[in-house]
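Note: the block below is run_3.txt and it holds compact mmCIF, C-alpha atoms.
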```txt
# COMPACT_ATOMS: atom_id res chain seq x y z
CA MET Q 117 107.68 95.64 113.54
CA ALA Q 118 107.17 92.00 114.49
CA ARG Q 119 106.57 89.84 111.42
CA TRP Q 120 103.26 88.49 112.73
CA LEU Q 121 101.94 92.03 113.20
CA ARG Q 122 102.47 93.14 109.60
CA PRO Q 123 99.54 91.26 108.02
CA LEU Q 124 97.27 92.46 110.85
CA VAL Q 125 98.28 96.10 110.46
CA GLY Q 126 97.99 95.88 106.69
CA ALA Q 127 94.57 94.31 106.95
CA LEU Q 128 93.38 97.07 109.26
CA LEU Q 129 94.47 99.62 106.67
CA LEU Q 130 92.22 98.00 104.08
CA LEU Q 131 88.64 99.05 104.58
CA GLU Q 132 85.94 96.46 104.32
CA GLY Q 133 84.72 96.08 100.73
CA ALA Q 134 82.05 98.60 99.87
CA ALA Q 135 80.21 96.46 97.36
CA ALA Q 136 78.83 92.97 97.82
CA LEU Q 137 81.32 90.65 96.12
CA SER Q 138 79.92 87.75 94.16
CA PHE Q 139 81.81 84.65 95.22
CA LEU Q 140 81.03 82.54 92.17
CA HIS Q 141 82.94 80.63 89.54
CA HIS Q 142 83.01 82.71 86.36
CA ARG Q 143 82.86 81.09 82.95
CA TYR Q 144 84.56 82.93 80.09
CA GLU Q 145 81.63 85.18 79.18
CA GLU Q 146 81.03 85.97 82.85
CA LEU Q 147 84.72 86.73 83.36
CA VAL Q 148 84.67 89.20 80.48
CA GLN Q 149 81.54 90.85 81.87
CA ALA Q 150 83.14 91.13 85.30
CA LEU Q 151 86.23 92.84 83.86
CA PHE Q 152 84.20 95.33 81.85
CA ARG Q 153 81.99 96.01 84.86
CA VAL Q 154 85.06 97.02 86.87
CA GLN Q 155 86.27 99.17 84.00
CA SER Q 156 82.90 100.94 83.80
CA HIS Q 157 82.95 101.63 87.55
CA CYS Q 158 86.49 103.03 87.48
CA PRO Q 159 86.93 104.37 83.94
CA TYR Q 160 89.61 106.93 84.80
CA VAL Q 161 92.07 104.49 86.40
CA THR Q 162 91.48 101.30 84.39
CA ARG Q 163 91.92 99.96 80.89
CA ILE Q 164 91.11 96.59 79.32
CA TYR Q 165 93.25 95.19 76.55
CA SER Q 166 93.84 91.81 74.94
CA ILE Q 167 97.33 90.40 74.40
CA GLY Q 168 96.11 87.78 71.92
CA ARG Q 169 93.80 84.80 71.59
CA SER Q 170 93.78 81.21 72.79
CA VAL Q 171 93.75 78.18 70.50
CA GLU Q 172 89.94 78.31 70.39
CA GLY Q 173 89.89 82.06 69.82
CA ARG Q 174 89.14 83.39 73.29
CA HIS Q 175 90.75 86.71 74.17
CA LEU Q 176 93.50 86.79 76.77
CA TYR Q 177 92.26 89.89 78.54
CA VAL Q 178 94.27 92.11 80.89
CA LEU Q 179 92.83 94.74 83.22
CA GLU Q 180 95.20 97.61 83.90
CA PHE Q 181 95.08 99.95 86.92
CA SER Q 182 96.95 103.25 86.68
CA ASP Q 183 96.35 106.95 87.16
CA TYR Q 184 97.22 107.25 83.46
CA PRO Q 185 95.89 104.01 81.90
CA GLY Q 186 97.68 102.98 78.74
CA ILE Q 187 100.71 105.17 79.42
CA HIS Q 188 104.06 104.26 80.95
CA GLU Q 189 105.13 107.05 83.26
CA PRO Q 190 108.90 107.34 83.75
CA LEU Q 191 110.01 105.94 87.11
CA GLU Q 192 106.63 104.25 87.71
CA PRO Q 193 107.16 100.47 87.88
CA GLU Q 194 105.08 97.92 85.96
CA PHE Q 195 103.59 94.97 87.89
CA LYS Q 196 101.59 91.95 86.72
CA TYR Q 197 99.50 89.08 88.06
CA VAL Q 198 98.72 86.06 85.84
CA GLY Q 199 96.10 83.50 86.83
CA ASN Q 200 94.65 80.22 85.56
CA MET Q 201 97.72 79.16 83.55
CA HIS Q 202 96.59 75.63 84.24
CA GLY Q 203 92.93 75.59 83.26
CA ASN Q 204 91.76 73.46 86.18
CA GLU Q 205 93.58 75.54 88.83
CA VAL Q 206 90.89 78.12 89.24
CA LEU Q 207 91.28 79.87 92.59
CA GLY Q 208 93.78 82.38 91.22
CA ARG Q 209 91.34 83.29 88.46
CA GLU Q 210 88.61 84.10 90.97
CA LEU Q 211 90.98 85.89 93.36
CA LEU Q 212 92.18 88.20 90.58
CA LEU Q 213 88.61 89.07 89.68
CA GLN Q 214 87.94 89.82 93.36
CA LEU Q 215 91.17 91.86 93.56
CA SER Q 216 90.15 93.89 90.50
CA GLU Q 217 86.77 94.75 92.01
CA PHE Q 218 88.36 95.45 95.38
CA LEU Q 219 90.96 97.88 93.96
CA CYS Q 220 88.26 99.73 92.06
CA GLU Q 221 85.86 100.02 94.99
CA GLU Q 222 88.53 101.01 97.49
CA TYR Q 223 89.87 103.63 95.10
CA ARG Q 224 86.38 105.08 94.77
CA ARG Q 225 86.05 105.11 98.57
CA GLY Q 226 89.28 107.10 98.88
CA ASN Q 227 91.30 104.35 100.62
CA GLU Q 228 94.68 106.09 101.01
CA ARG Q 229 96.75 102.93 100.69
CA ILE Q 230 95.00 101.74 97.52
CA THR Q 231 94.96 105.22 95.99
CA ARG Q 232 98.71 105.57 96.51
CA LEU Q 233 99.29 102.11 95.08
CA ILE Q 234 97.35 102.85 91.89
CA HIS Q 235 98.93 106.29 91.47
CA ASP Q 236 102.48 104.99 91.98
CA THR Q 237 102.24 101.65 90.15
CA ARG Q 238 101.02 100.44 86.79
CA ILE Q 239 99.23 97.17 87.66
CA HIS Q 240 98.31 94.58 85.02
CA ILE Q 241 95.94 91.75 85.96
CA MET Q 242 95.33 88.74 83.67
CA PRO Q 243 92.76 86.49 85.37
CA SER Q 244 93.08 83.66 82.84
CA MET Q 245 95.99 82.65 80.62
CA ASN Q 246 94.24 79.40 79.66
CA PRO Q 247 90.53 80.12 79.11
CA ASP Q 248 90.11 77.04 76.88
CA GLY Q 249 91.38 74.69 79.56
CA TYR Q 250 89.18 76.36 82.13
CA GLU Q 251 86.03 75.69 80.09
CA VAL Q 252 86.92 71.99 79.95
CA ALA Q 253 87.45 71.89 83.72
CA ALA Q 254 84.33 73.95 84.44
CA LYS Q 255 82.10 71.51 82.55
CA GLN Q 256 83.11 68.86 85.08
CA GLY Q 257 82.48 71.19 88.01
CA PRO Q 258 84.20 71.26 91.42
CA ASP Q 259 82.72 67.98 92.64
CA SER Q 260 83.74 65.66 89.80
CA ASN Q 261 86.75 67.48 88.40
CA GLY Q 262 89.66 65.21 87.56
CA TYR Q 263 93.10 66.17 88.80
CA LEU Q 264 94.29 66.82 85.23
CA THR Q 265 90.99 67.62 83.51
CA GLY Q 266 91.42 70.97 81.75
CA ARG Q 267 95.00 71.48 82.94
CA ASN Q 268 96.42 71.86 79.42
CA ASN Q 269 95.35 74.15 76.61
CA ALA Q 270 93.11 73.04 73.71
CA ASN Q 271 96.12 71.44 71.98
CA GLY Q 272 96.83 69.32 75.04
CA VAL Q 273 99.98 71.29 75.98
CA ASP Q 274 100.99 72.24 79.51
CA LEU Q 275 101.64 75.97 79.18
CA ASN Q 276 104.03 75.96 82.14
CA ARG Q 277 106.29 73.56 80.25
CA ASN Q 278 106.08 75.48 76.97
CA PHE Q 279 108.42 78.47 77.24
CA PRO Q 280 111.87 78.40 75.59
CA ASP Q 281 114.37 76.59 77.81
CA LEU Q 282 116.72 79.42 78.75
CA ASN Q 283 117.98 77.70 81.90
CA THR Q 284 120.15 75.30 79.93
CA LEU Q 285 121.56 78.17 77.89
CA MET Q 286 122.17 80.18 81.06
CA TYR Q 287 123.96 77.34 82.84
CA TYR Q 288 126.25 76.91 79.83
CA SER Q 289 126.71 80.67 79.47
CA ARG Q 290 127.80 80.89 83.09
CA GLU Q 291 130.57 78.37 82.45
CA ILE Q 292 131.98 80.47 79.60
CA SER Q 293 131.35 83.84 81.31
CA GLY Q 294 128.59 84.67 78.85
CA PRO Q 295 125.55 86.92 79.40
CA ASN Q 296 123.74 86.65 82.75
CA HIS Q 297 120.53 88.37 81.65
CA HIS Q 298 118.28 88.72 78.60
CA ILE Q 299 119.42 85.34 77.30
CA PRO Q 300 118.76 85.27 73.51
CA LEU Q 301 115.89 83.11 72.29
CA PRO Q 302 116.54 80.16 69.97
CA ASP Q 303 116.04 80.97 66.29
CA ASN Q 304 113.05 78.62 65.91
CA TRP Q 305 111.32 79.43 69.20
CA LYS Q 306 108.03 80.65 67.67
CA SER Q 307 107.38 77.29 66.04
CA GLN Q 308 107.76 75.53 69.40
CA VAL Q 309 105.30 77.47 71.55
CA GLU Q 310 101.51 77.59 71.81
CA PRO Q 311 99.41 80.66 70.90
CA GLU Q 312 98.90 81.51 74.58
CA THR Q 313 102.63 81.24 75.29
CA LEU Q 314 103.50 83.30 72.23
CA ALA Q 315 101.06 86.02 73.33
CA VAL Q 316 102.59 86.16 76.82
CA ILE Q 317 106.16 86.31 75.49
CA GLN Q 318 105.25 89.18 73.19
CA TRP Q 319 103.41 90.86 76.07
CA ILE Q 320 106.31 90.73 78.53
CA SER Q 321 108.64 91.87 75.75
CA SER Q 322 106.49 94.97 75.21
CA TYR Q 323 106.26 96.11 78.84
CA ASN Q 324 109.17 96.65 81.21
CA PHE Q 325 107.69 94.56 84.02
CA VAL Q 326 109.58 94.69 87.32
CA LEU Q 327 107.72 92.21 89.53
CA SER Q 328 105.16 89.48 88.90
CA ALA Q 329 103.41 86.44 90.29
CA ASN Q 330 101.53 83.64 88.56
CA LEU Q 331 98.78 81.94 90.54
CA HIS Q 332 98.36 78.16 90.68
CA GLY Q 333 96.67 75.52 92.84
CA GLY Q 334 97.26 72.04 94.21
CA ALA Q 335 99.49 73.13 97.12
CA VAL Q 336 99.88 76.12 99.45
CA VAL Q 337 103.35 77.64 99.10
CA ALA Q 338 105.19 80.58 97.54
CA ASN Q 339 107.64 79.13 95.02
CA TYR Q 340 110.62 81.11 93.68
CA PRO Q 341 113.27 80.52 90.94
CA TYR Q 342 115.02 78.60 89.71
CA ASP Q 343 112.43 75.97 88.87
CA LYS Q 344 114.88 73.92 86.81
CA SER Q 345 117.72 72.12 88.54
CA GLN Q 346 121.21 72.68 87.22
CA ASP Q 347 122.18 69.15 88.20
CA GLN Q 348 121.36 67.08 85.12
CA ARG Q 349 122.30 63.75 86.67
CA PHE Q 350 118.77 63.33 87.92
CA ARG Q 351 116.39 61.63 85.50
CA SER Q 352 113.25 61.23 87.58
CA HIS Q 353 110.49 63.84 87.59
CA ARG Q 354 110.88 64.53 91.30
CA ARG Q 355 114.20 66.15 92.14
CA THR Q 356 115.28 67.92 95.29
CA VAL Q 357 118.30 69.99 94.31
CA ASN Q 358 118.24 73.58 95.55
CA THR Q 359 119.11 75.77 92.57
CA PRO Q 360 119.22 79.43 93.64
CA THR Q 361 119.40 82.49 91.43
CA PRO Q 362 121.97 85.23 92.04
CA ASP Q 363 119.04 87.07 93.70
CA ASP Q 364 118.16 84.19 96.01
CA LYS Q 365 117.89 86.22 99.23
CA LEU Q 366 115.70 88.79 97.49
CA PHE Q 367 113.43 86.08 96.09
CA GLN Q 368 113.10 84.54 99.53
CA LYS Q 369 112.06 87.91 100.92
CA LEU Q 370 109.48 88.37 98.15
CA ALA Q 371 108.05 84.90 98.78
CA LYS Q 372 107.90 85.50 102.54
CA THR Q 373 106.09 88.77 101.99
CA TYR Q 374 103.24 86.81 100.46
CA SER Q 375 103.34 83.81 102.78
CA TYR Q 376 103.34 85.86 106.00
CA ALA Q 377 100.58 88.17 104.78
CA HIS Q 378 98.52 85.06 103.92
CA SER Q 379 96.34 83.69 106.70
CA TRP Q 380 98.00 80.28 106.90
CA MET Q 381 100.58 79.78 104.15
CA HIS Q 382 103.47 80.77 106.45
CA ARG Q 383 102.62 78.03 108.95
CA GLY Q 384 104.31 75.51 106.66
CA TRP Q 385 102.03 72.49 107.04
CA ASN Q 386 99.53 72.48 104.18
CA CYS Q 387 98.09 69.79 101.91
CA GLY Q 388 100.21 67.11 103.58
CA ASP Q 389 103.46 68.95 102.75
CA TYR Q 390 105.74 71.05 104.92
CA PHE Q 391 107.56 74.13 103.64
CA ALA Q 392 109.46 76.24 106.19
CA ASP Q 393 107.97 79.76 106.25
CA GLY Q 394 105.58 78.64 103.53
CA ILE Q 395 108.15 79.15 100.76
CA THR Q 396 110.35 76.94 98.57
CA ASN Q 397 112.95 77.11 95.87
CA GLY Q 398 111.29 75.57 92.82
CA ALA Q 399 114.01 73.06 91.96
CA SER Q 400 114.33 72.11 95.62
CA TRP Q 401 110.66 71.05 95.52
CA TYR Q 402 110.86 69.39 92.11
CA SER Q 403 112.55 70.42 88.90
CA LEU Q 404 110.60 71.49 85.84
CA SER Q 405 111.84 72.70 82.48
CA LYS Q 406 110.50 75.54 80.30
CA GLY Q 407 108.55 77.21 83.11
CA MET Q 408 107.24 80.76 83.00
CA GLN Q 409 108.85 82.18 86.15
CA ASP Q 410 112.39 81.21 85.13
CA PHE Q 411 111.73 82.58 81.64
CA ASN Q 412 110.70 85.96 83.09
CA TYR Q 413 113.91 86.19 85.10
CA LEU Q 414 116.24 85.10 82.31
CA TYR Q 415 114.67 86.91 79.36
CA THR Q 416 113.29 90.14 80.86
CA ASN Q 417 113.82 92.50 83.80
CA CYS Q 418 110.91 90.88 85.65
CA PHE Q 419 111.26 89.00 88.93
CA GLU Q 420 108.43 86.45 89.09
CA ILE Q 421 107.35 83.92 91.71
CA THR Q 422 104.71 81.18 91.55
CA LEU Q 423 101.95 81.18 94.16
CA GLU Q 424 100.33 77.83 94.93
CA LEU Q 425 97.15 78.88 96.71
CA SER Q 426 94.91 75.92 97.52
CA CYS Q 427 95.02 72.18 98.12
CA ASN Q 428 91.87 71.83 96.03
CA LYS Q 429 92.52 72.94 92.47
CA PHE Q 430 88.82 73.66 91.85
CA PRO Q 431 87.42 74.66 95.25
CA PRO Q 432 83.64 74.82 95.73
CA GLU Q 433 81.98 78.23 95.60
CA GLU Q 434 81.22 78.18 99.31
CA ASP Q 435 84.99 78.23 99.98
CA LEU Q 436 85.77 81.23 97.74
CA GLU Q 437 85.00 83.93 100.30
CA ARG Q 438 87.22 82.32 102.93
CA GLN Q 439 90.02 82.04 100.38
CA TRP Q 440 89.61 85.66 99.34
CA MET Q 441 89.89 86.86 102.93
CA ALA Q 442 92.99 84.70 103.39
CA ASN Q 443 94.70 86.14 100.30
CA ARG Q 444 93.46 89.73 100.13
CA GLU Q 445 96.18 91.38 102.21
CA ALA Q 446 98.88 89.19 100.63
CA LEU Q 447 97.83 90.17 97.11
CA VAL Q 448 98.10 93.87 97.96
CA ALA Q 449 101.29 93.53 100.01
CA PHE Q 450 103.04 91.70 97.20
CA ILE Q 451 102.27 94.49 94.71
CA GLU Q 452 103.83 96.95 97.14
CA GLU Q 453 107.09 94.97 97.00
CA VAL Q 454 107.72 96.49 93.55
CA HIS Q 455 108.69 99.69 95.38
CA GLN Q 456 112.07 98.72 96.81
CA GLY Q 457 115.71 98.75 95.77
CA ILE Q 458 116.87 101.47 93.38
CA LYS Q 459 115.44 103.19 90.35
CA GLY Q 460 116.40 106.12 88.16
CA MET Q 461 117.05 107.50 84.70
CA VAL Q 462 119.95 106.68 82.40
CA SER Q 463 120.53 109.59 80.06
CA ASP Q 464 123.14 111.17 77.83
CA GLU Q 465 124.73 114.60 78.30
CA ASN Q 466 121.70 116.21 76.67
CA ASN Q 467 119.31 114.49 79.12
CA ASN Q 468 117.97 112.14 76.45
CA GLY Q 469 116.99 108.77 77.90
CA ILE Q 470 119.17 105.82 76.90
CA ALA Q 471 117.19 102.63 76.29
CA GLY Q 472 118.80 99.25 76.86
CA ALA Q 473 121.51 100.52 79.21
CA VAL Q 474 122.83 97.72 81.42
CA ILE Q 475 122.59 98.16 85.19
CA SER Q 476 125.06 95.93 87.06
CA VAL Q 477 125.27 95.37 90.80
CA GLN Q 478 128.66 94.35 92.12
CA GLY Q 479 128.46 90.91 93.71
CA ILE Q 480 125.16 89.94 92.04
CA SER Q 481 125.69 88.32 88.65
CA HIS Q 482 122.33 89.27 87.17
CA ASP Q 483 121.94 92.55 85.31
CA ILE Q 484 118.86 94.44 84.22
CA THR Q 485 118.36 97.02 81.47
CA SER Q 486 116.73 100.42 81.15
CA GLY Q 487 113.39 100.77 79.39
CA ASP Q 488 112.46 102.67 76.26
CA MET Q 489 112.46 106.01 78.10
CA GLY Q 490 115.75 105.33 79.85
CA ASP Q 491 114.24 104.56 83.26
CA TYR Q 492 115.31 101.46 85.15
CA PHE Q 493 114.17 99.55 88.24
CA ARG Q 494 116.44 97.21 90.21
CA LEU Q 495 114.89 95.32 93.14
CA LEU Q 496 117.39 95.01 95.99
CA LEU Q 497 117.40 94.23 99.70
CA PRO Q 498 118.48 96.97 102.12
CA GLY Q 499 122.23 97.49 102.08
CA THR Q 500 125.07 99.37 100.40
CA TYR Q 501 125.78 98.56 96.76
CA THR Q 502 128.18 99.49 93.98
CA ILE Q 503 126.15 100.07 90.81
CA THR Q 504 127.43 100.48 87.25
CA ALA Q 505 125.47 101.75 84.26
CA SER Q 506 126.87 101.05 80.80
CA ALA Q 507 125.65 101.43 77.24
CA GLU Q 508 127.20 100.97 73.83
CA GLY Q 509 128.95 104.13 72.71
CA TYR Q 510 129.12 105.61 76.22
CA GLN Q 511 131.63 105.57 79.05
CA PRO Q 512 130.37 103.42 81.95
CA LEU Q 513 129.62 105.15 85.24
CA THR Q 514 129.89 103.57 88.69
CA VAL Q 515 128.38 104.87 91.93
CA THR Q 516 127.90 103.58 95.46
CA THR Q 517 124.48 103.91 97.07
CA THR Q 518 122.65 102.75 100.16
CA VAL Q 519 119.23 101.12 99.93
CA GLY Q 520 116.83 101.51 102.82
CA PRO Q 521 113.90 99.32 103.89
CA ALA Q 522 111.19 101.68 102.65
CA ALA Q 523 110.99 103.54 99.35
CA PRO Q 524 113.50 102.84 96.57
CA SER Q 525 116.64 104.97 96.37
CA LEU Q 526 116.73 107.32 93.40
CA VAL Q 527 119.99 106.89 91.46
CA HIS Q 528 120.36 108.63 88.10
CA PHE Q 529 123.15 108.05 85.59
CA GLN Q 530 124.26 110.59 83.00
CA LEU Q 531 126.66 108.88 80.63
CA LYS Q 532 129.28 110.60 78.52
CA GLN Q 533 129.89 109.50 74.97
CA GLU Q 534 133.06 107.61 74.28
CA VAL Q 535 135.72 109.64 72.54
CA VAL Q 536 136.27 108.24 69.06
CA ARG Q 537 139.79 109.03 67.93
CA LYS Q 538 140.70 109.58 64.30
CA PRO Q 539 142.63 106.81 62.47
CA ALA Q 540 145.79 108.92 62.38
CA GLU Q 541 145.64 109.45 66.14
CA ARG Q 542 145.12 105.75 66.74
CA LYS Q 543 148.08 104.95 64.49
CA ALA Q 544 150.31 107.48 66.21
CA SER Q 545 149.28 106.16 69.61
CA GLY Q 546 150.03 102.64 68.47
CA THR Q 547 153.46 103.73 67.29
CA ARG Q 548 154.27 105.32 70.63
CA MET Q 549 153.16 102.15 72.42
CA ASN Q 550 155.33 100.05 70.13
CA ASN Q 551 158.30 102.33 70.72
CA LYS Q 552 157.83 102.03 74.48
CA ALA Q 553 157.62 98.28 74.22
CA LEU Q 554 160.71 98.24 72.07
CA GLN Q 555 162.56 100.51 74.51
CA LYS Q 556 161.62 98.18 77.36
CA LYS Q 557 163.17 95.27 75.53
CA VAL Q 558 166.54 96.97 75.12
CA VAL Q 559 166.82 98.42 78.65
CA PRO Q 560 169.68 96.66 80.48
CA ARG Q 561 168.53 93.95 82.90
CA ALA Q 562 169.96 95.70 85.96
CA THR Q 563 168.16 98.93 85.14
CA ARG Q 564 164.86 97.13 84.72
CA ARG Q 565 165.28 95.41 88.04
CA GLY Q 566 166.10 98.68 89.73
CA THR Q 567 162.91 100.41 88.54
CA GLN Q 568 160.59 97.72 89.91
CA ARG Q 569 158.74 98.41 93.17
```

Will you turn the file into structure tokens for me?
Amino acid sequence: MARWLRPLVGALLLLEGAAALSFLHHRYEELVQALFRVQSHCPYVTRIYSIGRSVEGRHLYVLEFSDYPGIHEPLEPEFKYVGNMHGNEVLGRELLLQLSEFLCEEYRRGNERITRLIHDTRIHIMPSMNPDGYEVAAKQGPDSNGYLTGRNNANGVDLNRNFPDLNTLMYYSREISGPNHHIPLPDNWKSQVEPETLAVIQWISSYNFVLSANLHGGAVVANYPYDKSQDQRFRSHRRTVNTPTPDDKLFQKLAKTYSYAHSWMHRGWNCGDYFADGITNGASWYSLSKGMQDFNYLYTNCFEITLELSCNKFPPEEDLERQWMANREALVAFIEEVHQGIKGMVSDENNNGIAGAVISVQGISHDITSGDMGDYFRLLLPGTYTITASAEGYQPLTVTTTVGPAAPSLVHFQLKQEVVRKPAERKASGTRMNNKALQKKVVPRATRRGTQR
């Protein structure tokens, strides 16, 4: 299908919203009321939970959509949206509230596409990661809001520069052939992060998220990892050094999915900037350290991109409906991207799930791990791949599989336990090896040469 047709076809599949949407800016209390209103309208497929509190004590609420809220179903991927990380970048906050109401209403109407999405995906929506900063920005209002007013949290910290710097550790690890995934956190990391950051880290450590996006403002572009440049020779804030991940082509495809489903992001020219296809590698735009999207990729199984959604960080209310219509199809289409690549169960010979098994893809130096139940999800582009599953105490297993453009391929691994030999056997084996080595040393030179191929 032609790329320009996809957003149109997808939009036609989405019925017009059944309920009148309120295109207003929501303060904290109003945001909470909106979330609970959605939950009351769709009680059987939603759940509200808090992952923690902000500096000033406001809950960091998440609205979950699932056919079994609160339960991880094996082989059902986990997805998340995070908005309002910068308190004065508010469009994402409002879009996620609109998306929540839209998913609920369309599910109630029997929209086949939305019903399938909710039944096959566990969707987590956090409209505001920085409610304290938002309240500061909201007091100024859209008309007189300063470019930085309310950006940081109540302690004056930029939350998107507050995650542990795993990029530096990863770049060093790559030089010494160290781990390429789940980079360990520094020992003192908790003392270096804000309450909101701590809550998010604990949250993404508790759920096996597969795909994610965090919503920002100030530009119109889909930004993908790495955000931090590997080239440390640059000292200025603005750097233009493309720094791709091992999954660079996949990340570009994910970013294009959003940009081409968006009404104008894919055109490239927005806010005085030009980005081909409406996407950019983060470090190629400018390098930043301790960002959230790189942290997701390096510490968890989650592939995250950053969506810059508006030139105006705090758009007026009369522009919210236009922005919602521009982003609606893109928000849904991006969630659907979680259903690609391969997935399956890693189990032992008794069909017990193996948690923490490592799934490696030949030619892509970034591994992922199985979840608590032994299920795994590996996003991949269409193609043929050699996949290896390994776990401590088990013999690794390698298979070759082909990934199509539609649903993910189902690839299960049943691992056999390693055979642990008794000390006497190991000693005897070692003796035989030593005898062979010794025999090789005393074989006449001509005989050795004659046995070589």

Closest to Ile167 (chain Q) among Q:Ser345, Q:Ser506, Q:Thr313, Q:Asn428, using all atoms listed in the file? Q:Thr313

Can you tell me which residues surround region 185-187 of chain Q at a distance of at most 7 Å, considering only C-alpha atoms, apart from same-chain residues fewer than 5 positions away, and format the answer as a PyMOL selection string? chain Q and resi 161-163+180

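Distance annotation: of Q:Ser328, Q:Asn412, Q:Thr422, Q:Cys427, the residue with the minimal separation from Gly388 (chain Q) is Q:Cys427; atom set is all atoms listed in the file.
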
Compare Q:Leu314, Q:Ile451, Q:Leu264, Q:Ala253 by their minimum atom-to-atom distance to Leu370 (chain Q), counting all atoms listed in the file, and give me the closest one.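 Selected residue with least distance to Leu370 (chain Q): Q:Ile451.
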
Go through Q:Ser476, Q:Ser525, Q:Thr396, Q:Gln439 one by one, measure the shortest atom-to-atom distance of each to Gly460 (chain Q) using all atoms listed in the file, and give the residue with the smallest value. Q:Ser525

For Leu147 (chain Q), please output as a short mmCIF file (atom, residue, chain, number, x, y, z; two decimals) with C-alpha atoms, in the frame of the given file all residues within 10 Å (counting only C-alpha atoms; exclusion window: fewer than 4 positions along the same chain).
```
data_model
loop_
_atom_site.label_atom_id
_atom_site.label_comp_id
_atom_site.auth_asym_id
_atom_site.auth_seq_id
_atom_site.Cartn_x
_atom_site.Cartn_y
_atom_site.Cartn_z
CA HIS Q 141 82.94 80.63 89.54
CA HIS Q 142 83.01 82.71 86.36
CA ARG Q 143 82.86 81.09 82.95
CA LEU Q 151 86.23 92.84 83.86
CA PHE Q 152 84.20 95.33 81.85
CA ARG Q 153 81.99 96.01 84.86
CA TYR Q 177 92.26 89.89 78.54
CA ARG Q 209 91.34 83.29 88.46
CA GLU Q 210 88.61 84.10 90.97
CA LEU Q 213 88.61 89.07 89.68
CA PRO Q 243 92.76 86.49 85.37
CA SER Q 244 93.08 83.66 82.84
CA PRO Q 247 90.53 80.12 79.11
#
```

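Minimum atom-to-atom distance to Lys459 (chain Q), evaluated using only C-alpha atoms, belongs to Q:Ala505 out of Q:Ala446, Q:Ala505, Q:Met286, Q:Ala335.
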
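The residue set within 9 Å of region 398-405 of chain Q, counting only C-alpha atoms and dropping same-chain residues fewer than 5 places from it, reads Asn276, Arg277, Asn278, Phe279, Pro280, Asp281, Asn283, Asn339, Tyr340, Pro341, Tyr342, Asp343, Lys344, Ser345, Gln346, His353, Arg354, Arg355, Thr356, Val357, Asn358, Thr359, Pro360, Asp410 and Thr422 of chain Q.
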
Could you check the closest approach to Pro159 (chain Q) for each of Q:Glu221, Q:Leu425, Q:Gly199, Q:Asn204 and tell me which residue wins, using all atoms listed in the file?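 Selected residue with least distance to Pro159 (chain Q): Q:Glu221.
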
Go through region 445-541 of chain Q and flag each residue having an atom no more than 12 Å from region 238-242 of chain Q; for those, report the closest pair of atoms plus their distance in Å to one decimal, using all atoms listed in the file, ordered by chain and rising number, as a tab-separated table.
```
residue	atom	partner	partner_atom	distance
Q:Leu447	CA	Q:Ile241	CA	11.4
Q:Val448	CA	Q:Ile239	CA	10.9
Q:Phe450	CA	Q:Ile239	CA	11.6
Q:Ile451	CA	Q:Ile239	CA	8.1
Q:Glu452	CA	Q:Ile239	CA	10.5
Q:Val454	CA	Q:Arg238	CA	10.3
Q:His455	CA	Q:Arg238	CA	11.5
```

Output the selection as an mmCIF file, keeping the file's coordinate frame - C-alpha atoms for each residue.
```
data_model
loop_
_atom_site.group_PDB
_atom_site.id
_atom_site.type_symbol
_atom_site.label_atom_id
_atom_site.label_comp_id
_atom_site.auth_asym_id
_atom_site.auth_seq_id
_atom_site.Cartn_x
_atom_site.Cartn_y
_atom_site.Cartn_z
ATOM 1 C CA LEU Q 447 97.830 90.170 97.110
ATOM 2 C CA VAL Q 448 98.100 93.870 97.960
ATOM 3 C CA PHE Q 450 103.040 91.700 97.200
ATOM 4 C CA ILE Q 451 102.270 94.490 94.710
ATOM 5 C CA GLU Q 452 103.830 96.950 97.140
ATOM 6 C CA VAL Q 454 107.720 96.490 93.550
ATOM 7 C CA HIS Q 455 108.690 99.690 95.380
#
```

Sel. within 10 Å of pt (121.1, 113.3, 78.4), counting all atoms listed in the file, output as a list in words: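 Every polymer residue passing the test: Met461, Val462, Ser463, Asp464, Glu465, Asn466, Asn467, Asn468, Gly469, Ile470, Gly490, Phe529, Gln530, Leu531 and Lys532 of chain Q.
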
Hey, can you check how far CA of Leu285 (chain Q) sits from CA of Asn304 (chain Q)? 14.7 Å

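Coordinates place CA of Met245 (chain Q) at a distance of 18.7 Å from CA of Pro431 (chain Q).
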
Expressed in Å to a single decimal, how great is the separation between CA of Thr485 (chain Q) and CA of Lys365 (chain Q)?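 Calculated distance between CA of Thr485 (chain Q) and CA of Lys365 (chain Q) is 20.8 Å.
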
Please determine the residues with any atom at most 8 Å from (98.9, 76.4, 93.9) (coordinates as given in the file, with all atoms listed in the file counting) and report them as a PyMOL selection string. chain Q and resi 205+331-337+422-427+429

Mind checking which residues fall within 10 Å of Gln478 (chain Q), counting only C-alpha atoms, ignoring those fewer than 6 positions away in the same chain, and posting them as a list in words? Tyr501, Thr502, Ile503, Thr504, Thr514 and Thr516 of chain Q
